[in-house]
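Let me begin by presenting the structure, written as structure tokens, before commenting on it.
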Amino acid sequence: MTDVSVEEIVRALRKEISVITSRDVSKIDPEGSLASNGINSMGFIELLLSVERLWNVKLVDAGLTMADVRTVNALAGRIRQEMDK
Amino acid sequence: MVFRLDGMYVDGLDWMAAFLNYMASATPEKGNLFSIVLEVDGMPEESAVRELLERRLAPVLPLLNGHLSNNFWTWAPCWVKGKPVPVPFTAELQPGSLSAAAETFATEPLPGDSRMAVKLLRSEPVSLLIFKFSHLLFDGRGGELVIDSLLSGSGDFAAVEPGYSHPLLNEWGKQFGGGRIVQHFTNTTLAEETTASPPSRSPGRNCFRRIFLCPEEYSNLTATAERLFGPYMLTPFLLAGLLRRYHLLLERLGTEGDGLMVPMSVDMRNSPDVPANPYFFNQWSILPVKPARRDCVEFRNCVMTLRAQIFRAIAGKFPHAYRVAPRLARLVPFPIFARVFRKKGAALTGSMMFSYLDSVLTAPGMLCGHPVRNLYHLPLMPPLNPLGVFANSLNGRLNLTISFREGNLPEEEWNRFFAGLEEDLSVLGKGMTL
């Protein structure tokens, strides 16, 4: 599991966001914020549940900050960090 | 009698909205109405507003004047277009209290067969434009989107075919699956703590109280929620503040029941299985939480409890299931369904309702050349619900509308509750916690 790269996580996150928001995956901007990619508070929780399902990373109690969700890339970086713990 | 209505079928939540409308038909407002109030700088001209409404709404007048019916063969709920009658619009100079006049309009029945009415209350330095509509037609977010389209000139109502192109009734697996989830949750919830709620279910007139937070206060409150509980945690943060105060109110009243059940309403637009059409009909669902009252005493503990319960409900796909399940219930006549609701009381209707919608307007928004300063909601409470708190934001402000029916509690108790909430929100608005 720990050999997953940040790029692969970004790819998987974009796919999950696309499912949650019913947007085309090509429209999910990895440099955009979660909100600008259509994620609202309910969608955010669905995304955290997806992260837990895909990589067994429980972000809900990980002390996420706003910096961690500023972009999809930033969230992927944080997930990668959590995998290394 | 309807034999064929392609493209006009509605969904389970529209059936639920129709049921709430049935329940509210015996109230002074004669239906389940929802109003959205725009605060605009200065005094817009009556003729300019009338022209704007007539021009933009003309293509959808048959839809706006329609009614809900059932397909003759399948009993599927569908929307039947009505006559292209203009939306009733009135305007008046208002020298007195604007908010009181807005509340009066929001609690008057819709005229005739109309499903929507608009009123302009002209005053200096601020005027109000109030959109009142039947919940059958729009939900709160849909109403906001219509207003946004009116103000910005973007979007074309006529180009968007409302409703579904098929009656959704052949998806039996989905419907039973949704029904199972909802039923399981209901049974589990009923088996847990009993639900605490004020005992009275008055059909008296609907009353409102409102609290506004300025941009600085709202920004402080949001920053505190994010710092303490993480991103996107404003909803449990706000709700915890409300439940803590509500628990104190029920404690004072000596109300029995160990849990506070809150059927939060959530917007389901942009999620799977919800039509892309953003304007019409009911695209919301329910996300239920039920913290024990002992967990509502301490603020931080309450936020954590709510957060865990919100996670559990979303992980269990409850909001999606709740949208689908009422498709089955459509076969039960409203009077029988109403009897079940009355019998189960607070266990089904909850201790209070709550919703939070962030801004949807294309900021900042102009009405006929006049800047829109704020927008807030005035939803009526269905008669079986004791209390509803509806939060929305615009231009960096937070608006909370507390909606309740006269006679459910003595007025001094509501006033005490309202004053306590104002006090708490003032503390949170300074960046502190409770």
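To be explicit about the labels: the chains of the structure tokens are called A, B, and onward in the order shown, and within each one the residues are counted from 1, while ligands get numbers from 1 in the order they are shown.
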Can you list every residue of segment 222-289 of chain B that has an atom at most 10 Å from segment 27-47 of chain A, with its nearest atom pair and the distance in Å to one decimal, using only C-alpha atoms, ordered by chain then number, as CSV?
```
residue,atom,partner,partner_atom,distance
B:Pro231,CA,A:Ser41,CA,8.6
B:Tyr232,CA,A:Ser41,CA,5.2
B:Met233,CA,A:Ser41,CA,7.4
B:Leu234,CA,A:Ser41,CA,8.5
B:Thr235,CA,A:Ser41,CA,8.0
B:Val266,CA,A:Met42,CA,8.1
B:Asp267,CA,A:Met42,CA,8.9
B:Met268,CA,A:Met42,CA,9.0
B:Asn270,CA,A:Gly38,CA,7.7
B:Ser271,CA,A:Gly43,CA,8.3
B:Leu287,CA,A:Met42,CA,9.5
```
Distance table requested - segment 24-81 of chain B against segment 392-396 of chain B, cut-off 12 Å, only C-alpha atoms: one row per qualifying residue with the closest atom pair and its distance in Å to one decimal, ordered by chain and rising residue number, as CSV.
```
residue,atom,partner,partner_atom,distance
B:Ile36,CA,B:Asn392,CA,10.8
B:Val37,CA,B:Asn392,CA,11.7
B:Leu38,CA,B:Leu394,CA,10.4
B:Glu39,CA,B:Leu394,CA,10.9
```
Store the residues of this selection in a file with C-alpha atoms, as a PDB file, in the first residue's frame.
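What follows is the written file part26.pdb:
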```pdb
ATOM      1  CA  ILE B  36     -36.813  34.024   0.239  1.00  0.00           C
ATOM      2  CA  VAL B  37     -36.172  37.652   1.109  1.00  0.00           C
ATOM      3  CA  LEU B  38     -33.763  39.888  -0.802  1.00  0.00           C
ATOM      4  CA  GLU B  39     -32.475  42.998   0.938  1.00  0.00           C
TER       5      GLU B  39
END
```
Item to complete: Just need the residues of chain A within 6 Å of chain B, counting only C-alpha atoms, so spit them out as a count of residues only.
Response: 7
Discussion item. List the spatial neighbours of segment 131-138 of chain B as an MDAnalysis selection string - criterion: any atom at most 9 Å away, only C-alpha atoms, same-chain residues fewer than 3 positions off excluded.
Written reply: chainID B and resid 14:15 17:18 20:21 31:38 63:64 66:68 105:106 110 114:119 141:143 147 279:283 378
Practice prompt. Enumerate, as an MDAnalysis selection string, the complete set of residues in chain A that a backbone-based DSSP assignment places in helix (DSSP H, G or I).
Written response: chainID A and resid 6:21 25:27 41:55 66:69 72:84
Mind dumping the selected residues with C-alpha atoms as a PDB file, in the first residue's frame?
```
ATOM      1  CA  VAL A   6       1.100  10.993  -4.928  1.00  0.00           C
ATOM      2  CA  GLU A   7       0.256  11.076  -8.646  1.00  0.00           C
ATOM      3  CA  GLU A   8      -1.697   7.838  -8.325  1.00  0.00           C
ATOM      4  CA  ILE A   9      -3.534   9.223  -5.307  1.00  0.00           C
ATOM      5  CA  VAL A  10      -4.394  12.390  -7.245  1.00  0.00           C
ATOM      6  CA  ARG A  11      -5.716  10.263 -10.100  1.00  0.00           C
ATOM      7  CA  ALA A  12      -7.879   8.214  -7.739  1.00  0.00           C
ATOM      8  CA  LEU A  13      -9.098  11.331  -5.894  1.00  0.00           C
ATOM      9  CA  ARG A  14     -10.155  12.962  -9.155  1.00  0.00           C
ATOM     10  CA  LYS A  15     -12.114   9.843 -10.022  1.00  0.00           C
ATOM     11  CA  GLU A  16     -13.820   9.787  -6.615  1.00  0.00           C
ATOM     12  CA  ILE A  17     -14.641  13.512  -6.792  1.00  0.00           C
ATOM     13  CA  SER A  18     -16.066  12.947 -10.237  1.00  0.00           C
ATOM     14  CA  VAL A  19     -18.401  10.248  -8.882  1.00  0.00           C
ATOM     15  CA  ILE A  20     -19.411  12.289  -5.816  1.00  0.00           C
ATOM     16  CA  THR A  21     -20.156  15.453  -7.785  1.00  0.00           C
ATOM     17  CA  VAL A  25     -13.305  13.513 -14.432  1.00  0.00           C
ATOM     18  CA  SER A  26     -11.548  15.732 -16.969  1.00  0.00           C
ATOM     19  CA  LYS A  27     -13.199  18.738 -15.309  1.00  0.00           C
ATOM     20  CA  SER A  41     -19.697  19.497   3.241  1.00  0.00           C
ATOM     21  CA  MET A  42     -21.571  16.267   2.515  1.00  0.00           C
ATOM     22  CA  GLY A  43     -19.347  15.516  -0.452  1.00  0.00           C
ATOM     23  CA  PHE A  44     -16.283  16.105   1.708  1.00  0.00           C
ATOM     24  CA  ILE A  45     -17.366  13.408   4.130  1.00  0.00           C
ATOM     25  CA  GLU A  46     -18.071  11.066   1.216  1.00  0.00           C
ATOM     26  CA  LEU A  47     -14.549  11.807  -0.005  1.00  0.00           C
ATOM     27  CA  LEU A  48     -13.051  11.020   3.423  1.00  0.00           C
ATOM     28  CA  LEU A  49     -14.968   7.742   3.426  1.00  0.00           C
ATOM     29  CA  SER A  50     -13.576   6.957  -0.035  1.00  0.00           C
ATOM     30  CA  VAL A  51     -10.045   7.657   1.197  1.00  0.00           C
ATOM     31  CA  GLU A  52     -10.600   5.265   4.081  1.00  0.00           C
ATOM     32  CA  ARG A  53     -11.959   2.601   1.741  1.00  0.00           C
ATOM     33  CA  LEU A  54      -9.183   2.961  -0.864  1.00  0.00           C
ATOM     34  CA  TRP A  55      -6.100   3.316   1.345  1.00  0.00           C
ATOM     35  CA  MET A  66      -7.476  24.055   5.665  1.00  0.00           C
ATOM     36  CA  ALA A  67      -4.039  23.845   4.034  1.00  0.00           C
ATOM     37  CA  ASP A  68      -4.603  20.122   3.506  1.00  0.00           C
ATOM     38  CA  VAL A  69      -7.719  20.715   1.422  1.00  0.00           C
ATOM     39  CA  VAL A  72      -6.680  18.153  -4.638  1.00  0.00           C
ATOM     40  CA  ASN A  73      -2.898  17.831  -4.921  1.00  0.00           C
ATOM     41  CA  ALA A  74      -2.479  19.054  -1.337  1.00  0.00           C
ATOM     42  CA  LEU A  75      -4.968  16.494  -0.079  1.00  0.00           C
ATOM     43  CA  ALA A  76      -3.129  13.755  -1.975  1.00  0.00           C
ATOM     44  CA  GLY A  77       0.126  14.851  -0.334  1.00  0.00           C
ATOM     45  CA  ARG A  78      -1.476  14.661   3.088  1.00  0.00           C
ATOM     46  CA  ILE A  79      -2.859  11.188   2.385  1.00  0.00           C
ATOM     47  CA  ARG A  80       0.619  10.076   1.329  1.00  0.00           C
ATOM     48  CA  GLN A  81       2.049  11.442   4.600  1.00  0.00           C
ATOM     49  CA  GLU A  82      -0.568   9.558   6.608  1.00  0.00           C
ATOM     50  CA  MET A  83       0.357   6.325   4.806  1.00  0.00           C
ATOM     51  CA  ASP A  84       3.926   6.728   5.935  1.00  0.00           C
TER      52      ASP A  84
END
```
Worksheet item: Could you pull out the strand (DSSP E) residues of segment 47-131 of chain B from DSSP and send them as a ChimeraX atom specification?
Response: /B:67-70,77-80,89-93,116-122,126-131
N, CA and C atoms of the current selection, written as a compact mmCIF listing (two decimals), in the first residue's frame:
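After the write, again.txt holds the following:
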```txt
# COMPACT_ATOMS: atom_id res chain seq x y z
N HIS B 67 -49.83 21.84 -10.88
CA HIS B 67 -50.17 21.12 -9.65
C HIS B 67 -49.70 19.67 -9.76
N LEU B 68 -49.60 19.04 -8.60
CA LEU B 68 -49.14 17.66 -8.56
C LEU B 68 -50.33 16.71 -8.78
N SER B 69 -50.10 15.71 -9.62
CA SER B 69 -51.15 14.71 -9.85
C SER B 69 -50.49 13.34 -9.89
N ASN B 70 -51.28 12.32 -10.15
CA ASN B 70 -50.73 10.97 -10.24
C ASN B 70 -51.07 10.36 -11.58
N PRO B 77 -46.20 10.13 -9.14
CA PRO B 77 -46.47 11.57 -9.02
C PRO B 77 -45.91 12.33 -10.23
N CYS B 78 -46.69 13.21 -10.77
CA CYS B 78 -46.21 14.01 -11.90
C CYS B 78 -46.79 15.42 -11.82
N TRP B 79 -46.09 16.34 -12.42
CA TRP B 79 -46.49 17.75 -12.36
C TRP B 79 -47.31 18.10 -13.59
N VAL B 80 -48.50 18.61 -13.38
CA VAL B 80 -49.38 18.96 -14.49
C VAL B 80 -49.34 20.48 -14.68
N PHE B 89 -47.88 39.90 -8.35
CA PHE B 89 -46.82 40.79 -7.86
C PHE B 89 -47.47 42.04 -7.27
N THR B 90 -47.08 42.39 -6.06
CA THR B 90 -47.58 43.60 -5.43
C THR B 90 -46.40 44.40 -4.91
N ALA B 91 -46.62 45.69 -4.77
CA ALA B 91 -45.56 46.55 -4.23
C ALA B 91 -46.20 47.60 -3.34
N GLU B 92 -45.50 47.97 -2.32
CA GLU B 92 -46.02 49.05 -1.46
C GLU B 92 -44.88 49.78 -0.78
N LEU B 93 -45.14 51.05 -0.48
CA LEU B 93 -44.19 51.80 0.33
C LEU B 93 -44.38 51.34 1.77
N MET B 116 -46.79 30.70 -6.60
CA MET B 116 -45.72 31.64 -6.32
C MET B 116 -46.29 33.05 -6.30
N ALA B 117 -45.78 33.91 -5.43
CA ALA B 117 -46.18 35.31 -5.39
C ALA B 117 -44.98 36.14 -4.96
N VAL B 118 -44.92 37.37 -5.43
CA VAL B 118 -43.76 38.22 -5.15
C VAL B 118 -44.25 39.55 -4.61
N LYS B 119 -43.54 40.08 -3.62
CA LYS B 119 -43.92 41.38 -3.06
C LYS B 119 -42.68 42.26 -2.90
N LEU B 120 -42.82 43.53 -3.29
CA LEU B 120 -41.74 44.50 -3.10
C LEU B 120 -42.15 45.46 -1.99
N LEU B 121 -41.36 45.51 -0.95
CA LEU B 121 -41.60 46.46 0.15
C LEU B 121 -40.57 47.57 0.00
N ARG B 122 -41.04 48.73 -0.45
CA ARG B 122 -40.11 49.83 -0.76
C ARG B 122 -39.89 50.70 0.46
N VAL B 126 -33.19 50.72 2.75
CA VAL B 126 -33.20 49.33 2.27
C VAL B 126 -34.63 48.94 1.89
N SER B 127 -34.78 48.21 0.79
CA SER B 127 -36.09 47.65 0.42
C SER B 127 -35.98 46.13 0.44
N LEU B 128 -37.13 45.48 0.49
CA LEU B 128 -37.15 44.01 0.48
C LEU B 128 -37.95 43.52 -0.72
N LEU B 129 -37.43 42.52 -1.40
CA LEU B 129 -38.19 41.82 -2.43
C LEU B 129 -38.38 40.38 -1.94
N ILE B 130 -39.63 39.98 -1.78
CA ILE B 130 -39.89 38.66 -1.18
C ILE B 130 -40.52 37.74 -2.20
N PHE B 131 -39.89 36.59 -2.38
CA PHE B 131 -40.42 35.53 -3.25
C PHE B 131 -41.06 34.48 -2.35
```
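Of note, atom CA of Thr349 of chain B and atom CA of Leu260 of chain B are spaced 11.1 Å apart.
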Worksheet item: segment 408-418 of chain B: which residues within 10 Å, counting only C-alpha atoms, same-chain residues fewer than 2 positions away excluded, as an NGL selection string?
Response: :B and (198-204 or 209-211 or 242 or 245-246 or 248-250 or 252-253 or 383 or 385-387 or 402 or 404-406 or 420-424)
Worksheet item: Between B:Ala347, B:Ala58, B:Arg323, B:Ala225, which one has atoms that come closest to Glu192 of chain B, using only C-alpha atoms?
Response: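 When distances to Glu192 of chain B are compared using only C-alpha atoms, the smallest one comes from B:Ala347.
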Practice prompt. Point out the residue among B:Thr433, B:Ser149, B:Thr255, B:Asn220 with the least atom-to-atom distance to Leu361 of chain B, counting only C-alpha atoms.
Written response: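 Closest to Leu361 of chain B, using only C-alpha atoms: B:Ser149.
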Worksheet entry | atom CA of Ser285 of chain B to atom CA of Ala76 of chain B, distance in Å rounded to a single decimal |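 Computing it gives 19.2 Å between the two atoms.
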